[in-house]
$ cat protein.csv   # CSV, C-alpha atoms and all ligand atoms
chain,number,residue,atom,x,y,z
A,1,MET,CA,83.0,93.2,96.5
A,2,GLU,CA,80.2,92.6,93.9
A,3,LYS,CA,77.7,94.7,95.7
A,4,LEU,CA,80.2,97.7,95.9
A,5,ALA,CA,81.0,97.4,92.2
A,6,ARG,CA,77.5,96.6,90.9
A,7,ASN,CA,76.6,100.0,89.5
A,8,ASN,CA,80.1,101.6,89.4
A,9,ALA,CA,82.5,98.9,88.3
A,10,ALA,CA,84.9,101.1,86.4
A,11,GLN,CA,85.1,103.6,89.3
A,12,VAL,CA,85.6,100.9,91.9
A,13,LEU,CA,88.3,99.3,89.7
A,14,ASP,CA,89.9,102.8,89.5
A,15,ALA,CA,89.9,103.1,93.3
A,16,LEU,CA,91.2,99.6,93.9
A,17,GLY,CA,93.9,100.2,91.2
A,18,ALA,CA,94.9,103.3,93.1
A,19,ARG,CA,95.3,101.3,96.4
A,20,LEU,CA,97.2,98.6,94.5
A,21,ALA,CA,99.6,101.1,93.0
A,22,PHE,CA,100.4,102.5,96.5
A,23,GLU,CA,100.8,99.0,98.0
A,24,ARG,CA,103.3,98.1,95.2
A,25,THR,CA,105.2,101.2,96.0
A,26,GLY,CA,105.0,100.4,99.7
A,27,VAL,CA,106.6,97.0,99.3
A,28,MET,CA,109.5,98.6,97.3
A,29,LEU,CA,109.9,101.4,99.9
A,30,TYR,CA,110.1,98.9,102.8
A,31,ASP,CA,112.6,96.7,100.8
A,32,THR,CA,114.8,99.8,100.2
A,33,VAL,CA,114.6,101.1,103.8
A,34,ILE,CA,115.3,97.6,105.3
A,35,ASP,CA,118.3,97.2,102.9
A,36,LYS,CA,119.7,100.6,103.7
A,37,ILE,CA,119.3,100.3,107.5
A,38,ASN,CA,120.8,96.8,107.3
A,39,ARG,CA,123.8,97.9,105.3
A,40,LEU,CA,124.4,101.5,106.1
A,41,GLY,CA,122.4,102.3,109.3
A,42,GLU,CA,124.0,102.7,112.7
A,43,PRO,CA,123.7,99.5,114.8
A,44,ARG,CA,121.4,101.3,117.3
A,45,TYR,CA,118.7,101.3,114.6
A,46,HIS,CA,118.9,97.6,113.8
A,47,PHE,CA,116.3,96.7,116.4
A,48,LEU,CA,113.7,98.2,114.0
A,49,LEU,CA,114.4,95.7,111.3
A,50,GLY,CA,112.2,92.8,112.6
A,51,GLN,CA,109.0,94.9,112.7
A,52,LEU,CA,109.9,96.6,109.4
A,53,ARG,CA,110.1,93.2,107.8
A,54,ARG,CA,106.7,92.2,109.3
A,55,ASN,CA,105.1,95.4,108.0
A,56,ARG,CA,106.6,94.7,104.5
A,57,GLU,CA,105.0,91.2,104.5
A,58,GLU,CA,101.6,92.8,105.3
A,59,GLU,CA,102.1,95.3,102.5
A,60,LYS,CA,102.8,92.4,100.1
A,61,GLU,CA,99.7,90.6,101.2
A,62,HIS,CA,97.7,93.8,100.6
A,63,GLU,CA,99.2,94.1,97.1
A,64,GLU,CA,98.4,90.4,96.2
A,65,TRP,CA,94.9,90.6,97.7
A,66,LEU,CA,94.0,93.8,95.7
A,67,GLU,CA,95.3,92.1,92.5
A,68,GLU,CA,92.9,89.2,93.2
A,69,GLN,CA,90.0,91.5,93.8
A,70,ILE,CA,90.7,93.5,90.6
A,71,ARG,CA,90.9,90.3,88.5
A,72,ALA,CA,87.7,88.9,90.1
A,73,LEU,CA,85.9,92.1,89.0
A,74,GLY,CA,87.2,91.7,85.4
A,75,GLY,CA,89.9,94.3,85.7
A,76,SER,CA,93.7,94.1,84.9
A,77,ALA,CA,96.1,94.2,87.9
A,78,HIS,CA,98.6,96.1,85.7
A,79,GLU,CA,96.4,98.7,84.1
A,80,ILE,CA,97.3,102.4,84.8
A,81,THR,CA,94.1,104.1,85.9
A,82,THR,CA,93.3,107.8,86.7
A,83,LEU,CA,93.6,107.3,90.4
A,84,SER,CA,96.5,104.9,90.3
A,85,GLN,CA,98.4,107.6,88.3
A,86,LEU,CA,97.4,110.1,91.0
A,87,GLU,CA,98.9,107.8,93.7
A,88,VAL,CA,102.1,107.4,91.8
A,89,GLU,CA,102.5,111.1,91.3
A,90,GLU,CA,101.7,111.9,95.0
A,91,SER,CA,104.2,109.4,96.3
A,92,ALA,CA,107.0,110.5,93.9
A,93,GLY,CA,108.6,112.7,96.6
A,94,ILE,CA,108.7,109.9,99.1
A,95,VAL,CA,110.1,107.4,96.6
A,96,SER,CA,112.8,110.0,95.7
A,97,VAL,CA,113.8,110.4,99.3
A,98,ILE,CA,113.9,106.7,100.1
A,99,VAL,CA,115.3,105.2,96.8
A,100,ASP,CA,117.6,108.1,95.8
A,101,GLY,CA,120.2,109.9,97.8
A,102,HIS,CA,119.1,109.7,101.4
A,103,VAL,CA,120.8,107.2,103.7
A,104,LYS,CA,120.3,108.8,107.1
A,105,VAL,CA,118.0,106.4,109.0
A,106,LEU,CA,115.8,109.2,110.5
A,107,HIS,CA,115.2,110.6,107.0
A,108,LEU,CA,114.2,107.1,105.7
A,109,LEU,CA,111.8,106.6,108.7
A,110,HIS,CA,110.3,110.1,108.3
A,111,ALA,CA,109.5,109.4,104.6
A,112,LEU,CA,108.1,106.0,105.4
A,113,LEU,CA,105.9,107.6,108.1
A,114,ALA,CA,104.5,110.0,105.4
A,115,ALA,CA,103.8,107.0,103.2
A,116,GLU,CA,101.9,105.2,106.0
A,117,LEU,CA,99.8,108.3,106.7
A,118,ALA,CA,98.7,108.4,103.1
A,119,ASP,CA,98.2,104.6,103.1
A,120,ASN,CA,96.0,104.7,106.2
A,121,ALA,CA,93.9,107.5,104.5
A,122,GLY,CA,93.5,105.4,101.4
A,123,TRP,CA,92.2,102.3,103.2
A,124,ASP,CA,90.0,104.5,105.4
A,125,VAL,CA,88.2,105.7,102.2
A,126,LEU,CA,87.7,102.2,100.9
A,127,VAL,CA,86.1,101.1,104.3
A,128,ALA,CA,83.7,104.1,104.1
A,129,LEU,CA,82.8,103.4,100.5
A,130,ALA,CA,82.0,99.8,101.2
A,131,GLY,CA,79.9,100.9,104.2
A,132,ALA,CA,78.0,103.4,102.1
A,133,ALA,CA,77.3,100.8,99.4
A,134,GLY,CA,76.0,98.3,102.0
A,135,ASP,CA,78.7,95.8,101.1
A,136,GLY,CA,79.5,94.2,104.5
A,137,ALA,CA,81.9,91.6,103.2
A,138,ALA,CA,84.0,94.2,101.4
A,139,LYS,CA,83.9,96.5,104.4
A,140,ARG,CA,85.2,93.8,106.7
A,141,ALA,CA,88.0,92.9,104.2
A,142,PHE,CA,89.1,96.5,103.9
A,143,LYS,CA,88.8,97.1,107.6
A,144,LYS,CA,91.1,94.1,108.4
A,145,ARG,CA,93.8,95.7,106.2
A,146,LEU,CA,93.2,99.2,107.6
A,147,HIS,CA,93.8,97.9,111.1
A,148,GLU,CA,97.2,96.5,109.9
A,149,GLU,CA,98.0,99.8,108.4
A,150,MET,CA,97.1,101.6,111.6
A,151,LYS,CA,99.7,99.4,113.4
A,152,HIS,CA,102.3,100.3,110.8
A,153,LEU,CA,101.5,103.9,111.3
A,154,LEU,CA,101.9,103.7,115.1
A,155,PHE,CA,105.2,101.8,114.8
A,156,LEU,CA,106.6,104.3,112.3
A,157,ARG,CA,105.5,107.2,114.5
A,158,GLN,CA,107.2,105.8,117.5
A,159,ALA,CA,110.3,104.9,115.5
A,160,VAL,CA,110.6,108.5,114.2
A,161,ILE,CA,110.1,109.9,117.8
A,162,ALA,CA,112.8,107.5,119.1
A,163,GLY,CA,115.2,108.5,116.3
A,164,ALA,CA,114.5,112.2,116.8
A,165,LYS,CA,115.3,111.9,120.5
A,166,VAL,CA,118.7,110.5,119.6
A,167,GLU,CA,119.5,112.8,116.7
A,168,ILE,CA,118.0,116.1,117.9
A,169,LEU,CA,118.2,115.8,121.7
A,170,GLY,CA,121.3,113.7,121.8
A,171,GLN,CA,119.6,111.1,124.1
A,172,PRO,CA,121.0,107.6,124.0
A,173,MET,CA,118.9,105.1,122.2
A,174,ALA,CA,118.6,103.0,125.3
A,175,ARG,CA,116.8,105.8,127.1
A,176,SER,CA,114.6,106.5,124.1
A,177,LEU,CA,113.8,102.8,123.9
A,178,LYS,CA,112.5,102.7,127.4
A,179,LYS,CA,110.1,105.6,126.7
A,180,TRP,CA,109.3,104.1,123.3
A,181,ALA,CA,108.0,100.9,125.0
A,182,GLY,CA,105.7,103.1,127.1
A,183,ALA,CA,104.6,105.2,124.2
A,184,ALA,CA,103.8,102.0,122.3
A,185,LEU,CA,101.4,101.0,125.0
A,186,LEU,CA,99.7,104.5,124.7
A,187,GLY,CA,99.7,104.0,121.0
A,188,ALA,CA,97.9,100.7,121.4
A,189,GLY,CA,95.2,102.6,123.3
A,190,ALA,CA,95.0,105.1,120.5
A,191,LEU,CA,94.8,102.3,118.0
A,192,ALA,CA,91.9,100.7,119.9
A,193,ALA,CA,90.1,104.1,120.1
A,194,GLY,CA,90.6,104.7,116.3
A,195,ALA,CA,89.3,101.2,115.5
A,196,PHE,CA,86.3,101.8,117.7
A,197,LEU,CA,85.5,105.1,115.8
A,198,ILE,CA,85.8,103.3,112.5
A,199,ALA,CA,83.6,100.5,113.6
A,200,LYS,CA,81.0,102.9,114.7
A,201,ARG,CA,81.0,104.8,111.4
A,202,ALA,CA,79.2,103.9,108.2
B,1,FE,FE,99.9,99.6,102.7
B,2,FE,FE,101.5,100.2,105.7

$ encode --input "protein.csv" --output "structure tokens"
Amino acid sequence: MEKLARNNAAQVLDALGARLAFERTGVMLYDTVIDKINRLGEPRYHFLLGQLRRNREEEKEHEEWLEEQIRALGGSAHEITTLSQLEVEESAGIVSVIVDGHVKVLHLLHALLAAELADNAGWDVLVALAGAAGDGAAKRAFKKRLHEEMKHLLFLRQAVIAGAKVEILGQPMARSLKKWAGAALLGAGALAAGAFLIAKRA
């Protein structure tokens, strides 16, 4: 991380602070979605809880790892930076949907999918920045977490599709689940292709 921050420490701390702000929000979003599905969601959605909890633990690891990196570069893990403020403002609508009013499981999953799309894009930028700065160690560390985010995104995408089939087409969840398993396999292929493109880049 030192090489990446050597000539641009304040800007790199700003970018890391932005990711940290989003990861903190992400942990809170997962906690809220898990709690709402557990208490209020129809039982047909309870099969999602295990993977949602695993995703939440990875978001927590990302948060704690970013705090460590920021402190190692001499920054404060609780400072509000320009980009962290941007992330907070951008995610305000998602937080509003998940934390306030909405209890319908498909709405919660849809909002979480939007959060994961933004989260993936954020880590993707960090991987590219580390590559452009020639910081191989930072790039590998960012890429490891980007790959975890890509899996979160695939899972949420398939969960929203499964929920939409139930809610919009009236298909029973069992039928959707069968297709979901197949789509997950296709998704794993897309994930591998995406990881290959990222590995080739920068
Ligand atoms: Fe994340
Ligand atoms: Fe994520």

$ closest_atom_pairs --input "protein.csv" --of "chain A" --to "ligand FE 2 (chain B)" --cutoff "12 Å" --atoms "only C-alpha atoms and all ligand atoms" --output "JSON lines"
{"residue": "A:Arg19", "atom": "CA", "partner": "B:FE2", "partner_atom": "FE", "distance": 11.2}
{"residue": "A:Phe22", "atom": "CA", "partner": "B:FE2", "partner_atom": "FE", "distance": 9.5}
{"residue": "A:Glu23", "atom": "CA", "partner": "B:FE2", "partner_atom": "FE", "distance": 7.8}
{"residue": "A:Arg24", "atom": "CA", "partner": "B:FE2", "partner_atom": "FE", "distance": 10.9}
{"residue": "A:Thr25", "atom": "CA", "partner": "B:FE2", "partner_atom": "FE", "distance": 10.4}
{"residue": "A:Gly26", "atom": "CA", "partner": "B:FE2", "partner_atom": "FE", "distance": 6.9}
{"residue": "A:Val27", "atom": "CA", "partner": "B:FE2", "partner_atom": "FE", "distance": 8.8}
{"residue": "A:Met28", "atom": "CA", "partner": "B:FE2", "partner_atom": "FE", "distance": 11.7}
{"residue": "A:Leu29", "atom": "CA", "partner": "B:FE2", "partner_atom": "FE", "distance": 10.3}
{"residue": "A:Tyr30", "atom": "CA", "partner": "B:FE2", "partner_atom": "FE", "distance": 9.2}
{"residue": "A:Gln51", "atom": "CA", "partner": "B:FE2", "partner_atom": "FE", "distance": 11.5}
{"residue": "A:Leu52", "atom": "CA", "partner": "B:FE2", "partner_atom": "FE", "distance": 9.9}
{"residue": "A:Arg53", "atom": "CA", "partner": "B:FE2", "partner_atom": "FE", "distance": 11.3}
{"residue": "A:Arg54", "atom": "CA", "partner": "B:FE2", "partner_atom": "FE", "distance": 10.2}
{"residue": "A:Asn55", "atom": "CA", "partner": "B:FE2", "partner_atom": "FE", "distance": 6.4}
{"residue": "A:Arg56", "atom": "CA", "partner": "B:FE2", "partner_atom": "FE", "distance": 7.6}
{"residue": "A:Glu57", "atom": "CA", "partner": "B:FE2", "partner_atom": "FE", "distance": 9.7}
{"residue": "A:Glu58", "atom": "CA", "partner": "B:FE2", "partner_atom": "FE", "distance": 7.4}
{"residue": "A:Glu59", "atom": "CA", "partner": "B:FE2", "partner_atom": "FE", "distance": 5.9}
{"residue": "A:Lys60", "atom": "CA", "partner": "B:FE2", "partner_atom": "FE", "distance": 9.7}
{"residue": "A:Glu61", "atom": "CA", "partner": "B:FE2", "partner_atom": "FE", "distance": 10.8}
{"residue": "A:His62", "atom": "CA", "partner": "B:FE2", "partner_atom": "FE", "distance": 9.0}
{"residue": "A:Glu63", "atom": "CA", "partner": "B:FE2", "partner_atom": "FE", "distance": 10.8}
{"residue": "A:Leu112", "atom": "CA", "partner": "B:FE2", "partner_atom": "FE", "distance": 8.8}
{"residue": "A:Leu113", "atom": "CA", "partner": "B:FE2", "partner_atom": "FE", "distance": 8.9}
{"residue": "A:Ala114", "atom": "CA", "partner": "B:FE2", "partner_atom": "FE", "distance": 10.3}
{"residue": "A:Ala115", "atom": "CA", "partner": "B:FE2", "partner_atom": "FE", "distance": 7.6}
{"residue": "A:Glu116", "atom": "CA", "partner": "B:FE2", "partner_atom": "FE", "distance": 5.0}
{"residue": "A:Leu117", "atom": "CA", "partner": "B:FE2", "partner_atom": "FE", "distance": 8.3}
{"residue": "A:Ala118", "atom": "CA", "partner": "B:FE2", "partner_atom": "FE", "distance": 9.0}
{"residue": "A:Asp119", "atom": "CA", "partner": "B:FE2", "partner_atom": "FE", "distance": 6.1}
{"residue": "A:Asn120", "atom": "CA", "partner": "B:FE2", "partner_atom": "FE", "distance": 7.1}
{"residue": "A:Ala121", "atom": "CA", "partner": "B:FE2", "partner_atom": "FE", "distance": 10.6}
{"residue": "A:Gly122", "atom": "CA", "partner": "B:FE2", "partner_atom": "FE", "distance": 10.5}
{"residue": "A:Trp123", "atom": "CA", "partner": "B:FE2", "partner_atom": "FE", "distance": 9.9}
{"residue": "A:Arg145", "atom": "CA", "partner": "B:FE2", "partner_atom": "FE", "distance": 8.9}
{"residue": "A:Leu146", "atom": "CA", "partner": "B:FE2", "partner_atom": "FE", "distance": 8.6}
{"residue": "A:His147", "atom": "CA", "partner": "B:FE2", "partner_atom": "FE", "distance": 9.7}
{"residue": "A:Glu148", "atom": "CA", "partner": "B:FE2", "partner_atom": "FE", "distance": 7.1}
{"residue": "A:Glu149", "atom": "CA", "partner": "B:FE2", "partner_atom": "FE", "distance": 4.4}
{"residue": "A:Met150", "atom": "CA", "partner": "B:FE2", "partner_atom": "FE", "distance": 7.5}
{"residue": "A:Lys151", "atom": "CA", "partner": "B:FE2", "partner_atom": "FE", "distance": 7.9}
{"residue": "A:His152", "atom": "CA", "partner": "B:FE2", "partner_atom": "FE", "distance": 5.2}
{"residue": "A:Leu153", "atom": "CA", "partner": "B:FE2", "partner_atom": "FE", "distance": 6.7}
{"residue": "A:Leu154", "atom": "CA", "partner": "B:FE2", "partner_atom": "FE", "distance": 10.0}
{"residue": "A:Phe155", "atom": "CA", "partner": "B:FE2", "partner_atom": "FE", "distance": 10.0}
{"residue": "A:Leu156", "atom": "CA", "partner": "B:FE2", "partner_atom": "FE", "distance": 9.3}
{"residue": "A:Arg157", "atom": "CA", "partner": "B:FE2", "partner_atom": "FE", "distance": 11.9}

$ atom_distance --input "protein.csv" --atom1 "atom CA of A:Lys104" --atom2 "atom CA of A:Glu90"
22.4 Å

$ atom_distance --input "protein.csv" --atom1 "atom CA of A:Arg44" --atom2 "atom CA of A:Val95"
24.4 Å

$ atom_distance --input "protein.csv" --atom1 "atom CA of A:Ile34" --atom2 "atom CA of A:Gln158"
16.8 Å

$ closest_residue --input "protein.csv" --among "A:Ile161, A:Ala77, A:Val127, A:Ile70" --to "A:Ala9" --atoms "only C-alpha atoms"
A:Ile70

$ residues_around --input "protein.csv" --residues "stretch 4-7 of chain A" --least-positions-apart "6" --cutoff "9 Å" --atoms "only C-alpha atoms" --output "PyMOL selection string"
chain A and resi 13+73+129-135+138

$ closest_residue --input "protein.csv" --among "A:Lys144, A:Gly74, A:Val160, A:Pro43" --to "ligand FE 1 (chain B)" --atoms "only C-alpha atoms and all ligand atoms"
A:Lys144

$ closest_residue --input "protein.csv" --among "A:His107, A:Pro172, A:Leu49, A:Leu20" --to "ligand FE 1 (chain B)" --atoms "all atoms listed in the file"
A:Leu20

$ closest_residue --input "protein.csv" --among "A:Leu108, A:Ala21, A:Val88, A:Ala164" --to "ligand FE 1 (chain B)" --atoms "all atoms listed in the file"
A:Ala21
